[in-house]
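S.K.: This is the structure I want to talk about, given as structure tokens.
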Amino acid sequence: MSAILEVDHLEKKYGDFSAVKGISFSVEEGEVFGLLGPNGAGKTQTISMLTGVIPPTSGTARIAGHDIKSEMDQVKKVNGLVPQDLALYPTLSARVNLNFFGRIYGLRGKELKERVDDVLRIVALTERADQKVDQYSGGMKRRVNIAAGLVHQPKLLFLDEPTVGVDPQSRNHIFESVQRLNRERNMSVVYTSHYMEEVELLCNRVAIIDEGNIIAIDTVKNLISILGGGVIYIGLEQVDDSLLQQLSELPAVKEATLTLPPAQPPLPEGEEPQTEAEPVMPNPIVKIVAENSQQAVVNVISFLNEQDRPLTSLEILEPNLESVFLHLTGKKLRE
Amino acid sequence: MKSISIAIKDLQILIKDRGEVIQLFLLPLLFIIVFSGALGALGGEDEATLLALPVVDLDGGEAAQSLRTGIDEAGGLKTELYEQSQAQELLENNDIHRLLVIPADFTSGTEAGNQVNLTLISHPDADIQETEAVRLVIVGVVNELSLESQILASLRQMGDMQANAPEEYQMFTTDRVLAQARSQFETSKTRPLIKVKETIPSQEGERPIVETLGLAAVSGIAVLFVFGTAQVTARSIYDEKKIGSFRRLLAAPMSKASLLSGKMLPNIIVGLIQFAVIFAFGVFGLKWLGLSAPTLGSQPLSVLLVCIIICLCSTAFGILVAAIARTENQIGGLTSLLVWGLGILGGAFIPIAFLDQFLGPVVKIIPQYWANRALSSLMLRGLGLTDITTELAVLLGFTAFFFLFGLWRFDFD
């Protein structure tokens, strides 16, 4: 299997601010590759550079063998982009929208009609194709948005947060469409999301991106295995190095380190905090990476009771990409 | 082809927006009816006002006397004789507002059947409506006098011929004489023996001013609304960016030049359709409504060329607004100020000769002013393409400036 996308130290700067900090990764042909990160991590900026929407500040990438700096015209023919926004003309029908985007990619006549009919079938909107887009539900609009990125049969499809604001039924439909395109047409997909369960479900490999850096890249299974059997956060009144050493030597415990409480994700825009709590100095938190979380919890609590050290808090995280992200960045992915 | 696809798509979106269609195509017609009717009526009232008309009679002959009597008897004006130097001084001081100069060869010229020119000089601050009323009265008297002189000259010529060849008396039958008279009637309509030239001393050269208030409204409102389509271009680009489709277009295999030209093309098409609708209504609709209607002048193709250049200028202006404005409100505010505000100052509702006098050199930095000048020169003053090269050059200069500045500031990201 050869790489359809090879990213080499790609960087995007706006003045002194680096939105993307020299990232490198590759995507194999026929692979569904996930870019997982919170809002503002640099996912959309990365996709924008790879699709020719914005130029990179430095670094480059090759898509299907074409350099994005010197052969963008060729790259654009290979790429398909489904942007995060509903990039459709709301007063026109789905069919007119798709005809337009097909013509922009040079499709004409019978070929255009066949391609439009095909993508309408893929997103299951054939029967309502002549309805105005602004009369569709949010999920249906998302499906037309995806269809518009597929109409020219791209080899590499960039899906940028395609399920934002979508009902569960439409979300499942989108997942099925992506899986079918990948399975039946061997289409390579770069899928960005801040929903870890989507990435876990769809992607062969995942790059975790935060503040413009890729902080981990591997298969979902391997990434989760970083946490072994899960992570336990315990709050204590006092912690010293000898306690950490003793905890890390307990059976079923892989590692024990002092950490700060996990940062909460920002509240949605316009939403106020429910209570105005007085700022207090938090108790120290010990992060325990477990080989087996249930066994480790029993051992840790027994040990602390023996030592007469009361717990101020306890949180057990099952191993998944969310807890991997928290483990690697100290931050939660925004739900 | 991709530019055309974008243009077709934009036109499809535009057609579905009924409010926009009404604003682009029906509102101008309503404005024209109101302003043509109202301003035309203003001009009509002035014709009935009794005014003093200073006259310098350099001829002193019989025809000059007949002309003065004719003007006095027409009922609207009272002629007053002045010496030339005295009259010039009074005119310069604006103590008199206009002056009719009868040339020294007036009587001999009309008797000989040669064309002679009367000159109506008006002070730059003279009321344009009054001047127009005076001109209309003089033209009416002159036409009668011109016809009379031509018929008399013709009969005199026939009499001379008969005297020289009395044996050929059968050649001068009643039918022959009547035919000659009818011929003179027609000739006087197309080639008047006496012409009235109107001049304003402060203006370059001697430019005849024949535009009337009502007629000027058609081209003025057309220019106003065609420049208004700049808002359509700016809003269309803003909407593409807002919904994210601009990003999708940037990711498609097409150049930025194709993308921009695709966004500009609908504006040019809409602008030309606006001109066609407004001028068709102006030429035929106003006549049907019983109002004064303009013509396309003697060079309709030149009018078309001017319309194309105005559409280009308006489109480039739209690109500039799209480049500068960051929000929908800014687009609305900028276009209201620049399109409507400057449009009105540039002569949408007020004839440009009046604007020249009222606003002075300020109007010369307004593109709509030059557009109105070009169109009124062709449609109302009967001038040709070679007479409006300055106007066209200035409009093209504005177009280049708007486009290049807009391109420089345009945020493709």
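Residue numbering restarts at 1 for every chain of the structure tokens, chains are lettered A, B, ... in their displayed order, and ligands are numbered from 1 as they appear.
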Check every residue of chain B for an atom within 8 Å of chain A, counting only C-alpha atoms, and provide those that qualify as a ChimeraX atom specification.
M.R.: /B:2,5-6,9,12-13,16,243-254,413
S.K.: Mind dumping the selected residues with C-alpha atoms as a compact mmCIF listing (two decimals), in the first residue's frame?
M.R.:
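Result file follows (out_29.txt):
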```txt
# COMPACT_ATOMS: atom_id res chain seq x y z
CA LYS B 2 -16.14 27.78 -14.86
CA SER B 5 -21.00 28.39 -14.36
CA ILE B 6 -20.51 30.68 -11.35
CA LYS B 9 -25.51 30.06 -10.53
CA GLN B 12 -30.26 31.74 -10.57
CA ILE B 13 -29.92 32.83 -6.95
CA LYS B 16 -35.19 33.69 -6.86
CA ILE B 243 -21.88 30.07 4.11
CA GLY B 244 -18.45 28.59 3.35
CA SER B 245 -18.98 27.95 -0.36
CA PHE B 246 -16.18 30.41 -1.17
CA ARG B 247 -13.82 27.98 0.58
CA ARG B 248 -15.22 25.14 -1.48
CA LEU B 249 -14.68 27.16 -4.69
CA LEU B 250 -11.11 27.95 -3.65
CA ALA B 251 -10.52 24.21 -3.22
CA ALA B 252 -11.82 23.50 -6.73
CA PRO B 253 -9.49 23.36 -9.74
CA MET B 254 -10.00 26.94 -10.89
CA ASP B 413 -8.36 33.39 2.87
```
S.K.: Residues of stretch 340-413 of chain B classed as helix (DSSP H, G or I) by DSSP on the backbone are to be reported as a ChimeraX atom specification.
M.R.: /B:340-345,352-365,367-379,385-409
S.K.: Excluding same-chain residues fewer than 2 positions from B:Lys197, what lies within 8 Å of it counting only C-alpha atoms, as a tab-separated table (two decimals) with C-alpha atoms, in the first residue's frame?
M.R.:
```
chain	number	residue	atom	x	y	z
B	117	ASN	CA	-26.66	81.93	-35.44
B	118	LEU	CA	-28.25	83.68	-32.50
B	119	THR	CA	-26.30	83.38	-29.25
B	120	LEU	CA	-27.98	83.06	-25.88
B	195	LYS	CA	-30.10	78.54	-34.98
B	199	THR	CA	-23.32	79.27	-23.99
B	208	PRO	CA	-25.07	73.73	-26.41
```
S.K.: Mind checking DSSP for stretch 30-278 of chain A and telling me the strand (DSSP E or B) residues as an NGL selection string?
M.R.: :A and (32-36 or 58-63 or 66-67 or 79-82 or 93 or 132 or 156-160 or 188-193 or 205-210 or 213-219 or 230-236 or 253-259 or 263)
S.K.: Which residues, written as a ChimeraX atom specification, have at least one atom at most 7 Å from B:Ala293, with only C-alpha atoms counted and residues fewer than 2 positions away on the same chain left out?
M.R.: /B:215,282-283,286-287,291,295
S.K.: From the list A:Pro319, A:Arg108, A:Pro38, A:Tyr136, which residue is nearest B:Met1 when using only C-alpha atoms?
M.R.: A:Arg108
S.K.: Please provide the set of residues having any atom within 9 Å of A:Asn213, restricted to only C-alpha atoms, with same-chain residues fewer than 5 positions apart removed, written as a VMD selection string.
M.R.: chain A and resid 19 to 23 41 to 42 208
S.K.: Do you know which residues are at most 6 Å from A:Ile4 counting only C-alpha atoms, after dropping those on the same chain fewer than 5 positions away, and could you put them as JSON, numbers by chain?
M.R.: {"A": [27, 28, 29, 63, 64]}
